[in-house]
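For reference, the structure discussed in these notes is given below.
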Amino acid sequence: MEIQKLFFFFASVFCVKVEGEVGTHHFVSQALNWTDAQTHCRRYYTDLFSVNDQKDTEKIVKAAAGQKSLNWNTVWIGLYRDPTNATRWKWSGGGYVTYTNWDKGQPNNVANTQNTVNTNSNGRWNDAHGYLAWPFFCIKISVMNYEKKTWEEALEHCREEHSDLISIASETDRLLAQTEMQRNNLTEHVWIGLRFLADQWLWVDGETMVYKAWPQGGDEDHQCPTWRRCGALTVEGLWGNYNCEEKRYFFCK
Ligand SMILES: *[C@@H]1O[C@H](CO)[C@@H](O)[C@H](O)[C@H]1NC(C)=O
Ligand SMILES: *[C@@H]1O[C@H](CO)[C@@H](O)[C@H](O)[C@H]1NC(C)=O
Ligand SMILES: *[C@@H]1O[C@H](CO)[C@@H](O)[C@H](O)[C@H]1NC(C)=O
């Protein structure tokens with residue numbers, strides 16, 4: 001009993017949350033090797049943390065600065081070397097790197113066995129041996145699957161919780177969200193923060209639309225939708241446009 005209390009005390013003290021576009025990033029202060037860190041994130045969150053762009057880097061640097069008491073200098077991120085191509089890097093959640101932020105002289109692949117990546121508190125990446133134990137960041141994507149809501153009701157619900165419907169800024173984000181749907185055994189499309197307004201598709205949180213995942217060919221209704229002006233992540237893991245009045249589960253950040 002006492003030990004449990006102590007654990008909860010530490011767990012709450014060390015809990016650092018940072019909001020991203022697709023979900024929240026959680027700092028885990030326990031030092032584990034890369035594969036154990038990955039297992040931990042997949043069990044309690046969605047996956048090891050991935051970095052889409054400079055904005056994500058800045059959030060991590062800020063979180064590090066706010067945690068001086070923990071004195072963390074190095075943490076694992078979800079990046080690893082493609083086993084089939086040593087010059088290519090993949091995210092634990094799926095997808096290849098697009099943005100990179102290597103430290104000077106990195107990756108240097110010491111002994112040809114540095115196959116995983118950590119980041120310093122300055123946000124710069126370094127390839128490192130996966131057996132080393134470091135604290136790490138996990139990403140958690142939250143699917144609201146208690147009550148189905150129209151797109152507007154879903155948005156309102158997220159905003160009441162001081163959050164927003166998610167935006168999907170990369171292939172990795174898309175795959176992570178799909179993983180979360182599968183984990184919850186969802187067999188219907190789920191609302192995301194995608195909305196057709198003023199003749200274009202926008203993210204309601206103001207995120208710029210760079211990455212797109214509309215299905216190729218077939219139904220091109222999304223290009224000029226008359227009724228179906230709200231976006232969902234489909235069971236197939238792509239975007240689909242639907243009538244905003246339909247009731248669906250939804251993703252909040
Ligand atoms: C390995 O990956 C690099 C970087 O993505 C690419 O340029 C190269 O063609 C790949 N090599 C093979 C053999 O696929
Ligand atoms: C990580 O640690 C576990 C034990 O907790 C061990 O079984 C595993 O082999 C280690 N992985 C690496 C890559 O060292
Ligand atoms: C999803 O289905 C699997 C297999 O039927 C089950 O073990 C698991 O508990 C389910 N998960 C949820 C969140 O319902």
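Please note that chains go A, B, ... in the order of the structure tokens, that every chain numbers its residues from 1, and that ligands are numbered from 1 in the order shown.
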
Dump as JSON lines the rows for residues of chain A within 10 Å of ligand 1: closest atom pair and distance in Å with one decimal, only C-alpha atoms and all ligand atoms counted, ordered by chain and rising residue number.
{"residue": "A:Asp82", "atom": "CA", "partner": "ligand 1", "partner_atom_place_in_ligand_line": "2 (O)", "distance": 8.6}
{"residue": "A:Thr84", "atom": "CA", "partner": "ligand 1", "partner_atom_place_in_ligand_line": "14 (O)", "distance": 7.9}
{"residue": "A:Asn85", "atom": "CA", "partner": "ligand 1", "partner_atom_place_in_ligand_line": "1 (C)", "distance": 5.0}
{"residue": "A:Ala86", "atom": "CA", "partner": "ligand 1", "partner_atom_place_in_ligand_line": "1 (C)", "distance": 6.8}
{"residue": "A:Thr87", "atom": "CA", "partner": "ligand 1", "partner_atom_place_in_ligand_line": "2 (O)", "distance": 5.1}
{"residue": "A:Arg88", "atom": "CA", "partner": "ligand 1", "partner_atom_place_in_ligand_line": "2 (O)", "distance": 4.6}
{"residue": "A:Trp89", "atom": "CA", "partner": "ligand 1", "partner_atom_place_in_ligand_line": "5 (O)", "distance": 7.8}
{"residue": "A:Tyr96", "atom": "CA", "partner": "ligand 1", "partner_atom_place_in_ligand_line": "5 (O)", "distance": 8.5}
{"residue": "A:Val97", "atom": "CA", "partner": "ligand 1", "partner_atom_place_in_ligand_line": "5 (O)", "distance": 9.1}
{"residue": "A:Thr98", "atom": "CA", "partner": "ligand 1", "partner_atom_place_in_ligand_line": "5 (O)", "distance": 9.8}

Let me have all residues with an atom within 9 Å of ligand 2, counting only C-alpha atoms and all ligand atoms, laid out as a compact mmCIF listing (two decimals) with N, CA and C atoms, in the first residue's frame.
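part-v8.txt, freshly written:
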# COMPACT_ATOMS: atom_id res chain seq x y z
N LEU A 32 14.92 3.33 -19.62
CA LEU A 32 14.78 1.99 -20.21
C LEU A 32 15.57 1.94 -21.51
N ASN A 33 15.90 0.72 -21.97
CA ASN A 33 16.52 0.64 -23.30
C ASN A 33 15.45 0.92 -24.36
N TRP A 34 15.88 1.09 -25.62
CA TRP A 34 14.94 1.59 -26.65
C TRP A 34 13.75 0.66 -26.84
N THR A 35 13.99 -0.65 -26.92
CA THR A 35 12.87 -1.57 -27.16
C THR A 35 11.92 -1.64 -25.96
N ASP A 36 12.48 -1.58 -24.75
CA ASP A 36 11.61 -1.57 -23.57
C ASP A 36 10.80 -0.27 -23.51
N ALA A 37 11.44 0.84 -23.91
CA ALA A 37 10.73 2.13 -23.95
C ALA A 37 9.58 2.05 -24.95
N HIS A 129 23.36 3.46 -29.24
CA HIS A 129 23.16 2.03 -29.07
C HIS A 129 21.87 1.76 -28.31
N GLY A 130 21.03 0.89 -28.88
CA GLY A 130 19.69 0.65 -28.35
C GLY A 130 19.67 0.01 -26.98
N TYR A 131 20.82 -0.56 -26.53
CA TYR A 131 20.80 -1.22 -25.21
C TYR A 131 20.97 -0.22 -24.07
N LEU A 132 21.33 1.03 -24.38
CA LEU A 132 21.49 2.03 -23.33
C LEU A 132 20.12 2.40 -22.74
N ALA A 133 20.11 2.77 -21.48
CA ALA A 133 18.84 3.12 -20.83
C ALA A 133 18.72 4.64 -20.66

Report task. Could the residues that lie within 7 Å of ligand 3, counting only C-alpha atoms and all ligand atoms, be listed as a list in words? Result -> Arg183, Asn184 and Asn185 of chain A

Report task. Name the residues of stretch 23-94 of chain A that fall into helix (DSSP H, G or I) according to DSSP on the backbone, using the chain letters and numbers of this document, as a PyMOL selection string. Result -> chain A and resi 34-44+54-65+68-70

Output of the above residues as a compact mmCIF listing (two decimals), in the first residue's frame, restricted to C-alpha atoms:
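To be explicit, this is the file written out as again_17.txt:
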# COMPACT_ATOMS: atom_id res chain seq x y z
CA TRP A 34 14.94 1.59 -26.65
CA THR A 35 12.87 -1.57 -27.16
CA ASP A 36 11.61 -1.57 -23.57
CA ALA A 37 10.73 2.13 -23.95
CA GLN A 38 8.81 1.28 -27.13
CA THR A 39 6.95 -1.53 -25.36
CA HIS A 40 6.09 0.78 -22.45
CA CYS A 41 4.73 3.50 -24.78
CA ARG A 42 2.67 1.02 -26.80
CA ARG A 43 1.17 -0.43 -23.65
CA TYR A 44 0.27 2.77 -21.78
CA GLN A 54 10.60 22.34 -35.96
CA LYS A 55 7.49 23.15 -33.89
CA ASP A 56 7.57 19.70 -32.28
CA THR A 57 11.27 20.18 -31.54
CA GLU A 58 10.58 23.50 -29.84
CA LYS A 59 7.90 21.91 -27.65
CA ILE A 60 10.36 19.28 -26.46
CA VAL A 61 13.07 21.85 -25.78
CA LYS A 62 10.56 23.87 -23.75
CA ALA A 63 9.47 20.79 -21.79
CA ALA A 64 13.13 20.04 -21.04
CA ALA A 65 13.74 23.59 -19.83
CA LYS A 68 15.48 21.35 -14.76
CA SER A 69 14.85 19.55 -11.48
CA LEU A 70 14.85 16.23 -13.34

Query - Distance query A:Lys247 at most 8 Å, only C-alpha atoms, self and fewer than 6 positions along chain excluded, as an NGL selection string - result: :A and (148-151)

Okay, now the selection with C-alpha atoms, as a tab-separated table (two decimals), in the first residue's frame?
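The result, written out as part-v3.tsv:
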chain	number	residue	atom	x	y	z
A	148	LYS	CA	-21.10	9.43	-31.00
A	149	LYS	CA	-21.51	13.08	-31.91
A	150	THR	CA	-22.05	15.27	-34.96
A	151	TRP	CA	-18.87	16.99	-36.17

Requested in this report: Please identify which residues in stretch 12-238 of chain A DSSP calls strand (DSSP E or B) from the backbone, and express them as number ranges by chain.
Outcome: A: 16-19, 24-32, 47-48, 74-81, 89-91, 96, 102, 116-120, 125-128, 134-140, 142-149, 165, 190-197, 200-203, 230-233
